file work38.cif (mmCIF, C-alpha atoms)
data_run
#
loop_
_atom_site.label_atom_id
_atom_site.label_comp_id
_atom_site.auth_asym_id
_atom_site.auth_seq_id
_atom_site.Cartn_x
_atom_site.Cartn_y
_atom_site.Cartn_z
CA MET A 1 0.00 0.00 0.00
CA ARG A 2 1.15 3.50 -0.82
CA LEU A 3 0.63 5.85 2.13
CA VAL A 4 0.71 9.60 2.60
CA ILE A 5 1.23 10.81 6.16
CA THR A 6 0.60 14.45 7.02
CA SER A 7 -0.40 16.68 9.91
CA ASP A 8 -0.75 20.29 10.99
CA THR A 9 -2.13 21.59 7.72
CA HIS A 10 -3.63 24.66 9.45
CA LEU A 11 -5.80 25.68 6.49
CA PRO A 12 -6.56 28.44 5.67
CA ARG A 13 -4.48 30.10 8.42
CA ARG A 14 -1.02 29.06 7.18
CA ALA A 15 -1.84 28.48 3.51
CA ARG A 16 -4.84 28.72 1.22
CA ASP A 17 -4.41 25.13 0.06
CA LEU A 18 -2.14 22.13 0.37
CA PRO A 19 0.96 22.07 -1.84
CA GLU A 20 0.33 20.60 -5.29
CA ALA A 21 2.96 17.87 -4.72
CA LEU A 22 1.02 16.71 -1.65
CA TRP A 23 -2.25 16.63 -3.63
CA ARG A 24 -0.54 14.52 -6.33
CA ASP A 25 0.72 12.07 -3.71
CA VAL A 26 -2.72 11.95 -2.04
CA GLU A 27 -4.36 11.04 -5.32
CA ALA A 28 -1.79 8.28 -5.97
CA ALA A 29 -1.99 6.84 -2.44
CA ASP A 30 -4.04 3.92 -1.24
CA ALA A 31 -4.51 5.63 2.13
CA VAL A 32 -3.84 8.99 3.76
CA ILE A 33 -3.12 9.50 7.46
CA HIS A 34 -3.66 12.96 8.96
CA ALA A 35 -2.63 13.62 12.58
CA GLY A 36 -4.80 16.67 13.24
CA ASP A 37 -4.78 20.46 13.28
CA TRP A 38 -6.82 20.89 10.13
CA CYS A 39 -8.27 24.18 11.51
CA ASP A 40 -11.07 24.21 8.94
CA LEU A 41 -13.86 21.77 8.15
CA ALA A 42 -13.41 22.49 4.43
CA ALA A 43 -9.82 21.19 4.61
CA TRP A 44 -11.03 17.87 6.02
CA GLU A 45 -13.82 17.66 3.43
CA ALA A 46 -11.39 18.33 0.56
CA LEU A 47 -8.90 15.69 1.71
CA ARG A 48 -11.66 13.19 2.41
CA ALA A 49 -13.03 13.73 -1.11
CA ARG A 50 -9.67 13.15 -2.81
CA ALA A 51 -8.23 10.35 -0.66
CA ARG A 52 -9.14 6.73 -1.38
CA ARG A 53 -9.05 6.08 2.36
CA LEU A 54 -8.54 8.61 5.15
CA VAL A 55 -7.46 7.81 8.69
CA ALA A 56 -7.57 11.02 10.72
CA VAL A 57 -7.87 12.66 14.14
CA TYR A 58 -8.55 16.13 15.44
CA GLY A 59 -5.86 18.36 16.93
CA ASN A 60 -5.74 21.05 19.59
CA ASN A 61 -6.52 23.79 17.04
CA ASP A 62 -9.60 22.03 15.68
CA GLY A 63 -13.00 23.30 16.73
CA PRO A 64 -16.30 21.57 17.45
CA GLU A 65 -17.20 20.88 13.81
CA LEU A 66 -14.08 18.72 13.39
CA ARG A 67 -14.18 17.23 16.89
CA GLU A 68 -17.67 15.87 16.32
CA ARG A 69 -16.52 14.14 13.11
CA LEU A 70 -13.06 12.91 14.10
CA PRO A 71 -11.71 10.91 17.03
CA GLU A 72 -8.89 11.88 19.37
CA VAL A 73 -7.17 8.55 18.56
CA ALA A 74 -7.65 6.59 15.33
CA ARG A 75 -6.50 3.07 14.59
CA ALA A 76 -6.21 1.23 11.29
CA VAL A 77 -4.47 -1.78 9.82
CA LEU A 78 -2.88 -0.76 6.52
CA GLY A 79 -0.89 -3.30 4.55
CA GLY A 80 -0.92 -5.53 7.60
CA VAL A 81 0.73 -2.82 9.74
CA ARG A 82 -1.12 -1.71 12.90
CA PHE A 83 -1.26 2.10 12.97
CA ALA A 84 -2.45 4.44 15.69
CA VAL A 85 -2.84 8.17 15.09
CA VAL A 86 -2.95 10.91 17.71
CA HIS A 87 -2.21 14.62 17.57
CA GLU A 88 -0.18 15.19 20.74
CA THR A 89 2.26 12.90 22.55
CA GLY A 90 3.71 15.34 25.08
CA PRO A 91 7.36 16.38 25.47
CA ALA A 92 10.10 14.83 23.35
CA LYS A 93 11.93 13.60 26.46
CA GLY A 94 10.60 10.15 27.31
CA ARG A 95 8.30 10.06 24.27
CA GLU A 96 9.25 6.55 23.10
CA ALA A 97 8.67 4.87 26.47
CA ARG A 98 5.49 6.86 27.17
CA CYS A 99 3.99 6.03 23.76
CA ALA A 100 5.03 2.37 23.88
CA ALA A 101 3.16 2.05 27.19
CA ARG A 102 0.09 3.87 25.83
CA PHE A 103 -0.03 1.98 22.48
CA PRO A 104 1.18 -1.56 23.23
CA ASP A 105 -0.76 -3.18 20.37
CA THR A 106 0.56 -0.81 17.71
CA ASP A 107 3.35 -1.12 15.15
CA VAL A 108 3.46 2.55 14.09
CA LEU A 109 2.27 5.64 15.95
CA VAL A 110 1.70 8.74 13.81
CA PHE A 111 1.54 12.03 15.68
CA GLY A 112 1.73 15.75 14.98
CA HIS A 113 1.58 19.00 16.95
CA SER A 114 5.25 20.06 16.95
CA HIS A 115 5.60 20.61 13.18
CA ILE A 116 9.00 18.93 13.59
CA PRO A 117 9.60 15.72 11.62
CA TRP A 118 10.34 12.76 13.88
CA ASP A 119 11.24 9.15 13.14
CA SER A 120 12.29 6.92 16.02
CA THR A 121 11.74 3.42 17.34
CA ALA A 122 10.92 2.67 20.97
CA PRO A 123 12.37 -0.28 22.83
CA GLY A 124 9.99 -3.09 21.96
CA GLY A 125 9.67 -1.94 18.35
CA LEU A 126 7.00 0.80 18.24
CA ARG A 127 7.89 3.17 15.41
CA LEU A 128 7.01 6.82 15.99
CA LEU A 129 6.50 9.12 13.00
CA ASN A 130 5.73 12.83 12.90
CA PRO A 131 5.44 14.16 9.34
CA GLY A 132 6.00 17.80 10.29
CA SER A 133 3.79 20.26 8.43
CA PRO A 134 3.28 20.87 4.70
CA THR A 135 2.18 24.48 5.33
CA ASP A 136 3.84 25.78 8.51
CA ARG A 137 7.49 24.80 8.85
CA ARG A 138 8.13 26.77 12.05
CA ARG A 139 11.86 26.38 12.75
CA GLN A 140 12.41 23.69 10.10
CA PRO A 141 14.26 24.35 6.83
CA ARG A 142 11.28 23.25 4.69
CA HIS A 143 7.65 22.18 4.72
CA THR A 144 7.29 18.41 5.10
CA TYR A 145 5.02 15.39 4.89
CA LEU A 146 5.79 11.68 4.54
CA THR A 147 5.15 8.96 2.02
CA ALA A 148 5.59 5.29 2.87
CA GLU A 149 4.93 1.76 1.69
CA ALA A 150 3.24 -0.84 3.87
CA GLY A 151 2.71 -4.47 2.99
CA SER A 152 2.79 -7.96 4.47
CA GLY A 153 2.85 -6.44 7.94
CA VAL A 154 5.99 -4.40 7.28
CA LEU A 155 6.39 -0.63 6.99
CA GLY A 156 8.77 -0.16 4.09
CA GLU A 157 10.64 2.91 3.00
CA VAL A 158 9.49 6.12 4.67
#
call {"tool": "encode", "arguments": {"input": "work38.cif", "output": "structure tokens"}}
result
Amino acid sequence: MRLVITSDTHLPRRARDLPEALWRDVEAADAVIHAGDWCDLAAWEALRARARRLVAVYGNNDGPELRERLPEVARAVLGGVRFAVVHETGPAKGREARCAARFPDTDVLVFGHSHIPWDSTAPGGLRLLNPGSPTDRRRQPRHTYLTAEAGSGVLGEV
């Protein structure tokens, strides 16, 4: 399965629309994961309309319209890989151990909030991925999102 992993799109506050490269990847993907902070119901509706499958949560900047449609934590099996998605995981210090304890039946945890790309593996094997932000890079050199392959229970190249 071809996956697109994104978060913190903050539309229309940080950009009017998602970058065209991200839209192309969304349309080519089998599934899209979004870790919250949409900021606008229209952003969720647009991504939902263009994605074959959407696994998504709300973030701290999402209001009642999004919170009534999206969960705080989402789970999905994609390509045999057990994913969990959440917006916030707390401070970077101790993140791996804290998340491994909270998500023991998960292969990959996707999270957002910081706008800082993150890729680590906790003791025990939980992989933690933060795609950064495609619209608000904060202190990062560029806007980011992730693509990945998942199949036969293995997360391939990210």
call {"tool": "resolve_selection", "arguments": {"input": "work38.cif", "expression": "the PyMOL selection byres ((chain A and resi 23) around 12)", "output": "PDB file with C-alpha atoms, keeping the file's coordinate frame"}}
result
ATOM      1  CA  VAL A   4       0.710   9.600   2.600  1.00  0.00           C
ATOM      2  CA  ILE A   5       1.230  10.810   6.160  1.00  0.00           C
ATOM      3  CA  THR A   6       0.600  14.450   7.020  1.00  0.00           C
ATOM      4  CA  ASP A  17      -4.410  25.130   0.060  1.00  0.00           C
ATOM      5  CA  LEU A  18      -2.140  22.130   0.370  1.00  0.00           C
ATOM      6  CA  PRO A  19       0.960  22.070  -1.840  1.00  0.00           C
ATOM      7  CA  GLU A  20       0.330  20.600  -5.290  1.00  0.00           C
ATOM      8  CA  ALA A  21       2.960  17.870  -4.720  1.00  0.00           C
ATOM      9  CA  LEU A  22       1.020  16.710  -1.650  1.00  0.00           C
ATOM     10  CA  ARG A  24      -0.540  14.520  -6.330  1.00  0.00           C
ATOM     11  CA  ASP A  25       0.720  12.070  -3.710  1.00  0.00           C
ATOM     12  CA  VAL A  26      -2.720  11.950  -2.040  1.00  0.00           C
ATOM     13  CA  GLU A  27      -4.360  11.040  -5.320  1.00  0.00           C
ATOM     14  CA  ALA A  28      -1.790   8.280  -5.970  1.00  0.00           C
ATOM     15  CA  ALA A  29      -1.990   6.840  -2.440  1.00  0.00           C
ATOM     16  CA  VAL A  32      -3.840   8.990   3.760  1.00  0.00           C
ATOM     17  CA  ALA A  46     -11.390  18.330   0.560  1.00  0.00           C
ATOM     18  CA  LEU A  47      -8.900  15.690   1.710  1.00  0.00           C
ATOM     19  CA  ARG A  48     -11.660  13.190   2.410  1.00  0.00           C
ATOM     20  CA  ALA A  49     -13.030  13.730  -1.110  1.00  0.00           C
ATOM     21  CA  ARG A  50      -9.670  13.150  -2.810  1.00  0.00           C
ATOM     22  CA  ALA A  51      -8.230  10.350  -0.660  1.00  0.00           C
ATOM     23  CA  PRO A 134       3.280  20.870   4.700  1.00  0.00           C
ATOM     24  CA  TYR A 145       5.020  15.390   4.890  1.00  0.00           C
TER      25      TYR A 145
END
call {"tool": "residues_around", "arguments": {"input": "work38.cif", "residues": "Leu78 in chain A", "least_positions_apart": "2", "cutoff": "8 Å", "atoms": "only C-alpha atoms", "output": "NGL selection string"}}
result
:A and (1 or 31 or 76 or 80-83 or 150-151)
call {"tool": "resolve_selection", "arguments": {"input": "work38.cif", "expression": "the PyMOL selection byres ((chain A and resi 37) around 6)", "output": "list of chain:residue names"}}
result
A:Asp8, A:His10, A:Gly36, A:Trp38, A:Cys39, A:Gly59, A:Asn61, A:Asp62
call {"tool": "closest_residue", "arguments": {"input": "work38.cif", "among": "A:Pro141, A:Gly156, A:Gly112, A:Pro12", "to": "Asn60 in chain A", "atoms": "all atoms listed in the file"}}
result
A:Gly112
call {"tool": "closest_residue", "arguments": {"input": "work38.cif", "among": "A:Val77, A:Arg2, A:Gly94, A:Asp105", "to": "Gly125 in chain A", "atoms": "all atoms listed in the file"}}
result
A:Asp105
call {"tool": "residues_near_point", "arguments": {"input": "work38.cif", "point": "(5.4, 0.2, 14.1)", "cutoff": "9 Å", "atoms": "only C-alpha atoms", "output": "ChimeraX atom specification"}}
result
/A:81-83,106-109,121,125-128,154-155
call {"tool": "atom_distance", "arguments": {"input": "work38.cif", "atom1": "CA of Val57 in chain A", "atom2": "CA of Arg139 in chain A"}}
result
24.1 Å
call {"tool": "axis_aligned_box", "arguments": {"input": "work38.cif", "around": "range 26-30 of chain A", "padding_each_side": "5 Å", "output": "lines of an AutoDock Vina configuration file"}}
result
center_x = -3.1
center_y = 7.9
center_z = -3.6
size_x = 12.6
size_y = 18.0
size_z = 14.7
call {"tool": "residues_around", "arguments": {"input": "work38.cif", "residues": "Ala74 in chain A", "least_positions_apart": "3", "cutoff": "7 Å", "atoms": "all atoms listed in the file", "output": "count of residues only"}}
result
7
call {"tool": "residues_around", "arguments": {"input": "work38.cif", "residues": "Thr89 in chain A", "least_positions_apart": "2", "cutoff": "8 Å", "atoms": "only C-alpha atoms", "output": "MDAnalysis selection string"}}
result
chainID A and resid 86:87 91 95 99 111
